[in-house]
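**Student:** Here it is, the structure in full.
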Amino acid sequence: MKKSSPKDVKINVHYLTRVEGHGDITVDVTNGELKDCRFSVIESPRFFETMLRGRLVYEAQHLTSRICGICACGHSLASLKASEKAIGVTPHEHTVLLRKLLLHTEQMDSHLLHAYILVAPDLLGVKSIMPLVKTHRPVIDRAFRMKKLSDWAGDVLAGRHTHPIAYCIGGLTRVPEKSQLQKLRSMMAEARADYDETVALFKTLKFPDFERKAQYVALSCDEEYAFYDGQINIDGRKMVDPQDYLTVIKEEVRDYSSAKFVSVDQAPYMVGALARFNLNGHQLGKKSLQIASDLGLKRPCHNTFMNTMAQIVEWGHCLEESIVILDRLLKEGIDEEKVLSTMFPLKDQWPVKTRAGRGVGAVEVPRGILFHDYTVGKDGVVSAANCIIPTNQNINNLEADMRKIVPEIVGSQTQEEMRLTLEMLARAYDPCISCSTHLLDVKFIA
Amino acid sequence: MSNPKADKPKPKVAFFEFTDCEGCQLQVANLGGQLLELTQAVDVVNFREIMSEEGQEYDVAVIEGSIVSQRDETRLKAIAAKAKVIVALGACAATGGVNNLKNLQSLEEQKKTVYGLVDPVKDAFATKPIDAVVRVDYYIHGCPIYGPEFVKVMQCVLQGKPYDVPKYPVCVECKQNENVCMYDKGQFCLGPVTRAGCNSWLPNNGAPCVGCRGLIDNPATDAAKDILDKYGLTVQEVLDKFTLYCNTQKERVKYEKEFPKGR
Amino acid sequence: MKQAIIAKKDMPRWFDSLKKHGKIFGPKKKETQFVFSPVEEFEEMSLVYIPTILPPKKYYFPQKEPLLKFRVEPFGTEKAIKEFDEVILFAVHTCDIAGIQCLDAVFSDTPADPNFLNRKEKITVIGFECMFYCDKYASCAAVGNHVPRGGYDVMLTDIGGDDFAMHINSKKGEDLVRDKSYIREMGEQDKQRLKKAQDGKLKKFANEFKGDIREVEEAFDKEFFSAVWKDVGRRCVGCTNCTAVCPTCYCFDITDDLTLNMNDGVRSRVWSYCQMDDFAKVATGEDFRPGRDARQRHRYFRKFRYPVVKYNKYFCTGCGRCTRTCMAGISLIETVNSLLDERRGQ
Amino acid sequence: MNEQTYQELLKTSPYKPVRGHIIKAQQVTEFEKLFRIELAGQDLEHTPGQFVQVSLFGVGEAPISVCSSPTEKGFFELTVRRVGTLTSALHRLAAGSYVGIRGPFGHGFPLDEMKGNNILIVAGGLGIVPLRSLIHYILDQRKDFGDVQILLGCKTPKDMLFGEEIEDWQKRTDIKFNCTVDRADPDWKGNVGLITSLIPGASIEPKKTYAVVVGPPIMYKFVIVELLKKEIPTHQIIVSLERKMKCGLGKCGHCQIRGVYVCQSGPVFTFEQLKAMEGECHEGECHHVKS
Ligand SMILES: Cc1cc2nc3c(=O)[nH]c(=O)nc-3n(C[C@H](O)[C@H](O)[C@H](O)COP(=O)(O)OP(=O)(O)OC[C@H]3O[C@@H](n4cnc5c(N)ncnc54)[C@H](O)[C@@H]3O)c2cc1C
Ligand code: SF4
Ligand code: SF4
Ligand code: SF4
């Protein structure tokens, strides 16, 4: 194959595949000089934040989970946290446990989809899992088995994983049955074997060498490896209360992309599994730490491609944490009275005298930190809303990565290989573009 | 099991998505083993969410998402021109889904509040379901779709027979599942006027039906009013829930007949 | 032994002994209501309950019943269910037993339905007599279903104090009580207690309709074109719940489900209701029973008129489910009373 | 029922179709296709006017009238109009295919009562299908019946079913045949107008005549008026009704008219019976004018 000329490279990837949503990669190297390098989101905007305006806060969760089908639970939870904070509702601790459990299973679900179905084909040199069905049937069966576990967990906990049903302001509309939780517990214990095999498989896969120190941002808290709750940890430099996220996180619009570009201290930053691992990795259990080092993941890791490995570490961590939560819930028995709540209460059923206020809900979803920010009036109606989605936060960093990697590979790879490398780089972020076009900052003029 | 049809040419199926959350495709991907079994009968040539191969030839186009821009519309028309059968996957494609909510407000204003002076989405327009642009042969309603219904519809596609979307309301399935009715719990539910097919997914999980599958063909006019009275509800409260989903022009006409403003 | 006594405290013991006769289903609380569901321990059940959301009909005539297994190529058929399970229904109300008897009349009528009959063969019914009204929606006394009138294997009656009276009504029933040291034959004194309890109960029950059942029957015979139906039809939202919960509604649809190999499949019958919009609509678009008034009238006539002519039975058991479930607040008692009013007004 | 037959009954299934072998499939008009079907080594043994449930596995089942006469042995025939799911699937079948057959079901025409009397057959549109069975039967047993007149109406000459046979009937001297179309085409030489227009001219001996009318619901209303004018007794006016059907066993409820299950008690009824269904008949089938 003819090596690409180091002088002129034009890459244009339309409709990047195996990501959720639409994104284009454009690279322009003319006379050996990097002229242009961008990642544009070309998905049409859905204006979720403006849709929310004028609706009851009780509908916010239902609506915003529709931002993304892949991390619908994460959106639900961020939305519920924002709503509850705004109107002053404190959920019972069992509710919080059930939410954490749901979030863990969503991490598992999404990470698995990413690692097995989206990334593994790249590493095994095929275009999708379809050919693997013939050549690597046990791998595929295992992937489906593990996927089914998290999927089924979604059914048990929320009625379904895509656009969860049972989670609402103040609690759940129905409590999962004990027998179902027991079954989930034992299925999770059984899944350990599949997980070990997964680790063994990914250990053999080779990720490209690449190094670029980015700013990492994730939620952190003292008690645990944070997913559901915590302060915003800015690259280990400072901690910010989520309610004040706008003081550090800035958004900007570029005319080639319907997603906004986000920065901290005027610089790009990375969110997601690798960021969480870099910032909070010390809070992982012994076993997870061992697995991380088996996978060649050492803190801090500056190779973006290794994000997938961090996801695999997190899968195991979430599994173990889920089992801990399940054990506790099974031991204590879910306090139905405290947990049950109403999805769309009629006015006279509102849980508390709804107060007016603004609430920010920040949650770690599979792709990184997610913010929902609502302002709610006394009548329970949302008057302003803002959501910042992980993929948006990452796009800026992805472009920075591309600017670094292109000159490094221009001489050594064919145009086709370069195209693949860039696609892999983009996919390492597990970008979810359908979400990212919903990142909109809305200031309403009353 | 022997399958005498195995040697027949398999129809090629391609998935395309427009403006949506891709949750419906995920529901399809989640079918897992069933999906693999289905691929014995069809060739999936395009499923961007899980594969890179792009087939240029296809018989069946499964379309997810609403049409919200000129770019969408042009692309959809091109896809439809190549497909023999068009399947609308999910509420966004079938009725417009939650995307319709944006039609309640001025687009220009929304763009301004969102992007300020820069306009990266010049060709955006009001949300349309795909049947506002191309003919649709099969509808799979729901936000998200109900996996088993997808399988059923694909079977109908394979058999070349129409799929009958249930014409009865969600209550039918809800009662067969022996749920305590939301009305008995003092909550308002759209089950009685929403077309079934989801196995009463929401009421099964303690939440009232929000009508994501759209209105039944022949909802009762006078009766609904009595019920509102019984539960001390205002028309506005009902309208609020209807507008979560029933908001395409087509659906709108229907519900405005039901609940004329200011009654 | 025809009549026996069991102490309340021995019920769990007896219950456990039933497990070897079949899978036990009984009334369990579900939020604000009750449903018949599988029972493992006696304590899970609520013996005193208002009629369950769905009647025990679902064990005789399930929501979806496989009728036939088929193969497209080469053409082949096979019975879908080879072996039916042994089932014990625990604590069935007398109205629901009457409902089962109604279905029996229908499905035993030529051409008889083997699926129903096979299930019936394998089901043992342990009744539980209500000693007071479930709620204001019941109309069991009007049709005489407030007292046991056969159709069960064992009937339990709370005779006060620490005991239940048992009426053993079949060979199957005898098998359930045989050689139980804690179940004893009823003595004279016990019979007195039973009579007293039942007499006391009867004082609490009275015809819920304005006229006696003969008058109701006549009203139905004459009032097909009554304005009452217009009114009921206007209020009905067509949710179908009234027909879904009725113990004597038995209409169905037949559907084919293929497996994913597109060659094997199952033909099943699924519940279908006359309140559905396309129930009587044919391929050409003709609807033979349009209008919610005609559909509601049809429902009532299938309870109080048509089966009376055909089977000499009222197909309303008085359970009150249709009224309880109707979100439009259409009440069976009120409807029947308005019809009587119309009749008397003439 | 004795214990032994009851035990046998428990092992059967009335939902199990037998295999029918299509030995001839002929497109007769744009929308109608005629199938000749053979059951393995047995005759259907139906009465004209009865129907069978035809099924294709995985597609469904539909009631279709038998349009051949029981006097024709070794096979039976169905004419299917393509209107929906199952009928479209049937239309795709060619000779050699298999279908499932249950039945025959229902009550056919009251042949015993009709024998020895004059017969007036009035067929509208697809109504000729079940009547063809009766006509074949009568022609095969011609001496058992008195005078026979056939009146046939359809929308346009193109919609006319069984064209060759009709030419035959026209030629026969032992029956009277007359037909009309709603709209003629240039080649049409016969009557134009509604079928009702043929009745006043027919010579009818009312007490000795059985009138058999089959057609769309709306036709009954007008034809029956004419027949009543001719003073044919109501129990000698015979119709066949169409209703939605699923089981054919008098259980599923879809075909019910008041207390009557059409699939079991019908589809053939006398006008006298029809009048008792007042209020639930369609489009004046029973002549009840809604008050
Ligand atoms: C006694 C009787 C005799 C008939 N004889 C003939 C005949 O000889 N030739 C002919 O072409 N048609 C006949 N029909 C009408 C024929 O049954 C319907 O056209 C057919 O059921 C349509 O089925 P489909 O699946 O194509 O339509 P769909 O609309 O897909 O119907 C679905 C199902 O609904 C039921 N259904 C729908 N329409 C009817 C209907 N009109 N009558 C009964 N069930 C219906 C059937 O179970 C059918 O399978 C007869 C109907 C009856 C009741
Ligand atoms: S909960 Fe909703 S869907 Fe279910 S029966 Fe009640 S109204 Fe109908
Ligand atoms: S339950 Fe009430 S509203 Fe529903 S169909 Fe029956 S009568 Fe109509
Ligand atoms: S009609 Fe109503 S009260 Fe009578 S048996 Fe049916 S559900 Fe019960």
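The chains in the structure tokens are called A, B, ... from first to last as shown; in each chain the residues are counted from 1, and the ligands are counted from 1 in the order shown.
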Can you work out which residues from chain B touch chain C at a cut-off of 8 Å (counting only C-alpha atoms) and hand them back as a ChimeraX atom specification?
**Tutor:** /B:3-5,34,37-38,40-41,155,167-169,171-172,175-176,178-181,183-185,191-193,218-224,226-227,230
**Student:** Determine which residues of chain C sit within 6 Å of chain D, taking into account only C-alpha atoms, and present them as a ChimeraX atom specification.
**Tutor:** /C:72,114,251-252,256,258,280,282-283,306
**Student:** Keeping N, CA and C atoms, export the residues of the selection given above as a PDB file, in the first residue's frame.
**Tutor:**
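Final file, out_20.pdb:
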ATOM      1  N   VAL C  72     -45.325 -24.483   9.427  1.00  0.00           N
ATOM      2  CA  VAL C  72     -45.780 -24.010   8.120  1.00  0.00           C
ATOM      3  C   VAL C  72     -45.378 -25.002   7.034  1.00  0.00           C
ATOM      4  N   PRO C 114     -62.344 -28.573  24.710  1.00  0.00           N
ATOM      5  CA  PRO C 114     -61.474 -29.448  25.495  1.00  0.00           C
ATOM      6  C   PRO C 114     -60.471 -28.691  26.361  1.00  0.00           C
ATOM      7  N   CYS C 251     -65.460 -13.865  25.563  1.00  0.00           N
ATOM      8  CA  CYS C 251     -65.143 -13.660  24.153  1.00  0.00           C
ATOM      9  C   CYS C 251     -63.637 -13.709  23.938  1.00  0.00           C
ATOM     10  N   PHE C 252     -63.250 -14.105  22.773  1.00  0.00           N
ATOM     11  CA  PHE C 252     -61.814 -14.170  22.512  1.00  0.00           C
ATOM     12  C   PHE C 252     -61.486 -13.955  21.048  1.00  0.00           C
ATOM     13  N   ASP C 256     -51.860 -15.928  15.777  1.00  0.00           N
ATOM     14  CA  ASP C 256     -50.734 -16.820  15.491  1.00  0.00           C
ATOM     15  C   ASP C 256     -49.436 -16.130  15.884  1.00  0.00           C
ATOM     16  N   LEU C 258     -45.361 -16.694  15.426  1.00  0.00           N
ATOM     17  CA  LEU C 258     -44.302 -17.513  14.839  1.00  0.00           C
ATOM     18  C   LEU C 258     -43.040 -17.394  15.685  1.00  0.00           C
ATOM     19  N   ALA C 280     -66.451  -6.003  16.295  1.00  0.00           N
ATOM     20  CA  ALA C 280     -67.409  -6.528  15.303  1.00  0.00           C
ATOM     21  C   ALA C 280     -67.164  -5.930  13.923  1.00  0.00           C
ATOM     22  N   VAL C 282     -65.451  -5.785  10.289  1.00  0.00           N
ATOM     23  CA  VAL C 282     -64.907  -6.761   9.346  1.00  0.00           C
ATOM     24  C   VAL C 282     -63.947  -6.086   8.362  1.00  0.00           C
ATOM     25  N   ALA C 283     -63.319  -6.934   7.562  1.00  0.00           N
ATOM     26  CA  ALA C 283     -62.246  -6.465   6.686  1.00  0.00           C
ATOM     27  C   ALA C 283     -62.672  -5.309   5.790  1.00  0.00           C
ATOM     28  N   TYR C 306     -79.562 -12.858  27.253  1.00  0.00           N
ATOM     29  CA  TYR C 306     -79.253 -13.936  26.299  1.00  0.00           C
ATOM     30  C   TYR C 306     -78.958 -15.271  26.991  1.00  0.00           C
TER      31      TYR C 306
END
**Student:** From range 30-194 of chain C, collect each residue whose DSSP state is alpha helix (DSSP H) and return the set as a PyMOL selection string.
**Tutor:** chain C and resi 94-108+114-122+171-177+188-194
**Student:** List every residue of range 175-278 of chain D that DSSP, applied to the backbone of this structure, places in strand (DSSP E or B), and write the result as a ChimeraX atom specification.
**Tutor:** /D:176-181,191-192,209-214,237-240,256-257,260-261,267-270
**Student:** In terms of the shortest atom-to-atom distance over only C-alpha atoms, which of A:Asp379, A:Glu364, A:Glu408, A:Glu337 is closest to chain C?
**Tutor:**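 Checking each of A:Asp379, A:Glu364, A:Glu408, A:Glu337 against chain C, counting only C-alpha atoms, the winner is A:Glu337.
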